[in-house]
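Peer 1: First, the structure itself, so that you have it in front of you.
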Amino acid sequence: MTFLGLNERDTRFLLIVVALTMFTPFLLQPFAENSGLAQFNAGYPDLMQRFAIYGIFAIGFNILFGLTGYLSFGHAAFLGVGSYSAVWMFKLLSMNIIPAIILAVIVSGLFALLIGFISLRRTGIYFSILTLAFAQMSFNLAYSVLTPITNGETGLQLTLSDPRILDPESITNSLPSTSLFGLEMNDSAQWEVFGRVFTFSVGYYVCAVIAIIAFYISLRIFRSPFGLMLRAIKTNKTRMAYTGLNTRPYALAAFVISGMYAGLAGGLLASMDPLAGAERMQWTASGEVVLMTILGGAGTLMGPVLGAGFIKYFENIFSKINDNVLHGWFAFMPDGLEDALITLIHPFVGKGWHLTLGMLFMLVVIFLPGGLVELGQRIAGLFRRRKAEDRSDDGSKATTPAE
Amino acid sequence: MSKSNFTRRGVLKTSAVAGAGLAMPTFFTSMANAYTNEPSGDTVTLGFNVPQSGPYADEGADELRAYQLAVKHLNGEGDGGMLNTFSSKELQGNGILGKKVAFVTGDTQTKSDAARASAKSMIEKDGAIMITGGSSSGVAIAVQGLCQEAGVIFMAGLTHSNDTTGKDKKANGFRHFFNAYMSGAALAPVLEKMYGSDRKAYHLTADYTWGWTQEESIKAATEALGWETVNAVKTPLAATDFSSYIAPVLNSGADVLVLNHYGGNMVNSLTNAVQFGLRDKQVNGKNFEIVVPLYSRLMAQGAGENVKGIFGSTNWHWSLTDEGSKTFTQSFGKEYGRPPSQAAQTCYVQTLLYADAATRAGTFNPCGIAEALEGFEFDGLGNGPTLYRADDHQCFKDVLVVRGKENPESEFDLLEVVEVTPAAQVTYPPDHPMFAGGALGDCNPGA
């Protein structure tokens, strides 16, 4: 059974990914609406879109970091550039997301070519620092100097007076929403069944389809001779050079591809929510994608997506558990015990979500160097008698720690 | 392409799944409501979106306290606070329109992106009918834009930039807080009285939109007095040490330093300026003076001794003696053991104003509420008679000019009110050049 040039195992893998993505609105909404656990539901459009978009971002980052081992600390710059390009397209050309996404990918690709060309002259820590410096430079430029283009701290937004030359003259006095040939991104349908409300958002499914395509391309890159070459760079760059191979064009190609993935993610972010803020380019955002990749499992196909979902889930769900919610949960307990328990949990939820995430990250790095993917494999290994060779989903040794 | 093998088992499985799917009650409700998040049960959910981490976390925490207090009072718990002094008597302490008020909170992290994500999750996941909060103009403007698109009301918290109700104003957004133009208009006469009309000013400005509108406003107001602006230098927002910016001030011939900084920036730049001995200097035969146009008590607390005798403006201060302020300070103090900050006051008032508007409109429909708020005149909420202007959704009320107190009696007693500038003096036409370039658009009820 082969499909689009994939072997049988990869086809099955891709189909599983497709199924998971398509059923996300169900999978993320497991708890009934009125139960105390509804707090943990994540099946609302914005978060699902973020899962898909940051999944794309992390998949792209993994092509660079997972395959070549070059640790870029400036990938958020490409995300930001993509967002700005997309919003400018919405302002000038049309609210259709296609031109916006195309421009986002092209501009971020060019930007990555420029930065990659300079940064890839160095490897290891020097490369990381160079990319970090470029990203911080972009952030500071966007924040203040380039304000006419980026609208500075406030972020670039749509206004009523934008030209939008391809769109028909607006008759209403309100902002148009982004669309795909008339299909509005913020449209959604809801389905209430068994006390659960499932939301099917147009925006999410657009992101999901693009994410699947992005995943498929990354799968093909992983399996291609080009991917093998990139792995060879990671394993031993010097030996490659001795055999007469110039590795830089390969590394540069990987850098540009992953920059374009980041630009695609940025363009999609802007398509779902037409605003581009400078914070998107800050070093914390660059660090986040590194965390996502390592948390999920660097060098594996599924890992970065899992990592992205994990971090976004914490950021959006855990950060909203406040003392009030805690009181709601533990109301059945005697007062003293309730208060003691809440005092104990308080630092870890709400604004303390960073702390919880940090601890989980430490646990993962110490006990599961291969990331969440390794956890999955270990669990699967317990159920499978034959856990010998073909246990890694993508053929690479997933347990090899990054770098 | 994939080759499919039809097996008996496979066919049975597939048809079972398909059958189950079809048998389910298949009613898709595609936004059957009249407006976004129309409350259906006996509660109504408000979304409080404040910075819980980052540089403005202190103010965010105080805002959240105020919101919780407002919810209590709306639901008829506690002493009722400013419900008793509010000129509109619609609110009975039985929630809003008979529905109990519930709330959700989110962390803006003082980043536009994070703020929008958390506001979106409150709207999409928790069904919030109104979003309020923010402690930075960039965030407020970003969230205001989001609420306009989503079709919910945005009641701005602490945001001082002219743009919030200027070029970025939105039909679904409302601001009670004052703005940079008002700071300039209120400060200028006091500065003239204290420091004369022949002064040379040197500006240090936080390099982002709020800083710029503030600098523009203060420059315009002081130059109208006859002051001369020697230089205006932009400082990066992330700066923590301002000594390299302070040193050139000494040789510039300026005799007034205007610090267009807020939060931690202001605490650091003021401290640096005082350490350089600027305040003991004599330039052009006059005492060197420092002005901080936007003051808050939390900042004064951070800067400690250095704020003594320094002028600035503020939206509200707990030492005011009108009935509304006294009641609010008392009920906030009883609840939390400290006086409220100006951020807390504006957030509390915004919540009450929203609840009152919904009650008067008899609906939670954003368009109905917007209509009820537009042109609404009220009193008894601590700022004297106030008007919510329909043209730009900005409140017009008295502005306080304050000075760092020389002999504070407690850790909260740091500012003294020098003058209450009447609303008429800080009112500007809606098409004033500093506010031009935007349009409210139509109110958007969503759905």
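Labels used: A, B, ... for chains in the order of the structure tokens, numbers from 1 for residues in each chain, and numbers from 1 for ligands as shown.
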Mind dumping a table of every chain A residue within 7 Å of chain B, with the nearest atom pair and its distance in Å to one decimal, using only C-alpha atoms, sorted by chain and rising number, as JSON lines?

Peer 2:
```
{"residue": "A:Met1", "atom": "CA", "partner": "B:Ser2", "partner_atom": "CA", "distance": 5.5}
{"residue": "A:Thr2", "atom": "CA", "partner": "B:Ser2", "partner_atom": "CA", "distance": 6.2}
{"residue": "A:Phe3", "atom": "CA", "partner": "B:Met1", "partner_atom": "CA", "distance": 5.1}
{"residue": "A:Tyr44", "atom": "CA", "partner": "B:Lys125", "partner_atom": "CA", "distance": 5.6}
{"residue": "A:Asp46", "atom": "CA", "partner": "B:Lys120", "partner_atom": "CA", "distance": 6.6}
{"residue": "A:Ser144", "atom": "CA", "partner": "B:Tyr208", "partner_atom": "CA", "distance": 6.0}
{"residue": "A:Gly152", "atom": "CA", "partner": "B:Tyr208", "partner_atom": "CA", "distance": 6.3}
{"residue": "A:Glu153", "atom": "CA", "partner": "B:Gly138", "partner_atom": "CA", "distance": 5.6}
{"residue": "A:Thr154", "atom": "CA", "partner": "B:Gly138", "partner_atom": "CA", "distance": 3.9}
{"residue": "A:Asn173", "atom": "CA", "partner": "B:Gly441", "partner_atom": "CA", "distance": 5.0}
{"residue": "A:Ser174", "atom": "CA", "partner": "B:Gly441", "partner_atom": "CA", "distance": 5.3}
{"residue": "A:Ser188", "atom": "CA", "partner": "B:Ser30", "partner_atom": "CA", "distance": 6.7}
{"residue": "A:Ala189", "atom": "CA", "partner": "B:Ser30", "partner_atom": "CA", "distance": 4.5}
{"residue": "A:Gln190", "atom": "CA", "partner": "B:Thr29", "partner_atom": "CA", "distance": 5.3}
{"residue": "A:Trp191", "atom": "CA", "partner": "B:Phe28", "partner_atom": "CA", "distance": 4.7}
{"residue": "A:Gly277", "atom": "CA", "partner": "B:Ser112", "partner_atom": "CA", "distance": 6.2}
{"residue": "A:Glu279", "atom": "CA", "partner": "B:Lys111", "partner_atom": "CA", "distance": 6.4}
{"residue": "A:Asn316", "atom": "CA", "partner": "B:Ser118", "partner_atom": "CA", "distance": 6.8}
{"residue": "A:Ser319", "atom": "CA", "partner": "B:Gly106", "partner_atom": "CA", "distance": 7.0}
{"residue": "A:Lys320", "atom": "CA", "partner": "B:Gly106", "partner_atom": "CA", "distance": 5.6}
{"residue": "A:Lys351", "atom": "CA", "partner": "B:Gln52", "partner_atom": "CA", "distance": 6.0}
```

Peer 1: Can you tell me, as an MDAnalysis selection string, what residues are no more than 10 Å from range 340-346 of chain B when counting only C-alpha atoms, ignoring any on the same chain fewer than 5 positions away?

Peer 2: chainID B and resid 59:67 69 133:135 155:159 175:178 295:298 314:318 325 328:333 351:352 381:383 412

Peer 1: Just the selected residues (C-alpha atoms), exported as an mmCIF file, in the first residue's frame, please.

Peer 2:
```cif
data_model
loop_
_atom_site.group_PDB
_atom_site.id
_atom_site.type_symbol
_atom_site.label_atom_id
_atom_site.label_comp_id
_atom_site.auth_asym_id
_atom_site.auth_seq_id
_atom_site.Cartn_x
_atom_site.Cartn_y
_atom_site.Cartn_z
ATOM 1 C CA GLU B 59 -1.280 46.973 38.495
ATOM 2 C CA GLY B 60 -2.898 43.870 37.048
ATOM 3 C CA ALA B 61 -3.222 42.354 40.502
ATOM 4 C CA ASP B 62 -4.882 45.540 41.780
ATOM 5 C CA GLU B 63 -7.216 45.621 38.794
ATOM 6 C CA LEU B 64 -8.274 42.059 39.494
ATOM 7 C CA ARG B 65 -9.034 42.932 43.119
ATOM 8 C CA ALA B 66 -11.246 45.761 41.914
ATOM 9 C CA TYR B 67 -13.085 43.510 39.467
ATOM 10 C CA LEU B 69 -15.072 43.593 44.409
ATOM 11 C CA GLY B 133 -8.877 45.164 31.545
ATOM 12 C CA GLY B 134 -5.453 45.970 30.240
ATOM 13 C CA SER B 135 -2.627 47.949 31.726
ATOM 14 C CA MET B 155 -14.409 48.261 28.595
ATOM 15 C CA ALA B 156 -10.809 49.521 28.619
ATOM 16 C CA GLY B 157 -8.878 49.474 31.884
ATOM 17 C CA LEU B 158 -5.746 51.514 32.365
ATOM 18 C CA THR B 159 -4.785 52.888 28.947
ATOM 19 C CA ARG B 175 -12.610 54.140 27.840
ATOM 20 C CA HIS B 176 -13.188 55.646 31.244
ATOM 21 C CA PHE B 177 -9.509 56.434 31.938
ATOM 22 C CA PHE B 178 -8.106 59.818 30.913
ATOM 23 C CA TYR B 295 1.692 59.251 37.880
ATOM 24 C CA SER B 296 0.371 56.294 39.748
ATOM 25 C CA ARG B 297 0.589 55.472 43.407
ATOM 26 C CA LEU B 298 2.169 52.108 42.645
ATOM 27 C CA THR B 314 -3.522 61.064 37.658
ATOM 28 C CA ASN B 315 -7.005 59.775 36.942
ATOM 29 C CA TRP B 316 -8.103 59.333 40.536
ATOM 30 C CA HIS B 317 -6.609 59.185 44.002
ATOM 31 C CA TRP B 318 -7.939 57.472 47.085
ATOM 32 C CA SER B 325 -14.320 57.948 46.465
ATOM 33 C CA PHE B 328 -14.989 52.948 47.376
ATOM 34 C CA THR B 329 -11.772 53.401 49.365
ATOM 35 C CA GLN B 330 -13.521 52.199 52.480
ATOM 36 C CA SER B 331 -15.033 49.119 50.938
ATOM 37 C CA PHE B 332 -11.829 48.232 49.047
ATOM 38 C CA GLY B 333 -9.803 48.745 52.212
ATOM 39 C CA THR B 351 -17.667 47.200 35.410
ATOM 40 C CA LEU B 352 -20.414 49.165 37.122
ATOM 41 C CA LEU B 381 -18.249 57.286 40.899
ATOM 42 C CA GLY B 382 -15.339 59.287 42.266
ATOM 43 C CA ASN B 383 -14.517 61.634 39.404
ATOM 44 C CA PHE B 412 0.121 54.495 50.732
#
```

Peer 1: Dump as a tab-separated table the rows for residues of range 43-130 of chain A within 8 Å of range 201-205 of chain A: closest atom pair and distance in Å with one decimal, only C-alpha atoms counted, ordered by chain and rising residue number.

Peer 2:
```
residue	atom	partner	partner_atom	distance
A:Pro45	CA	A:Ser201	CA	5.8
A:Asp46	CA	A:Tyr204	CA	7.9
A:Met48	CA	A:Tyr204	CA	6.2
A:Gln49	CA	A:Tyr204	CA	4.9
A:Ala52	CA	A:Tyr204	CA	7.6
```
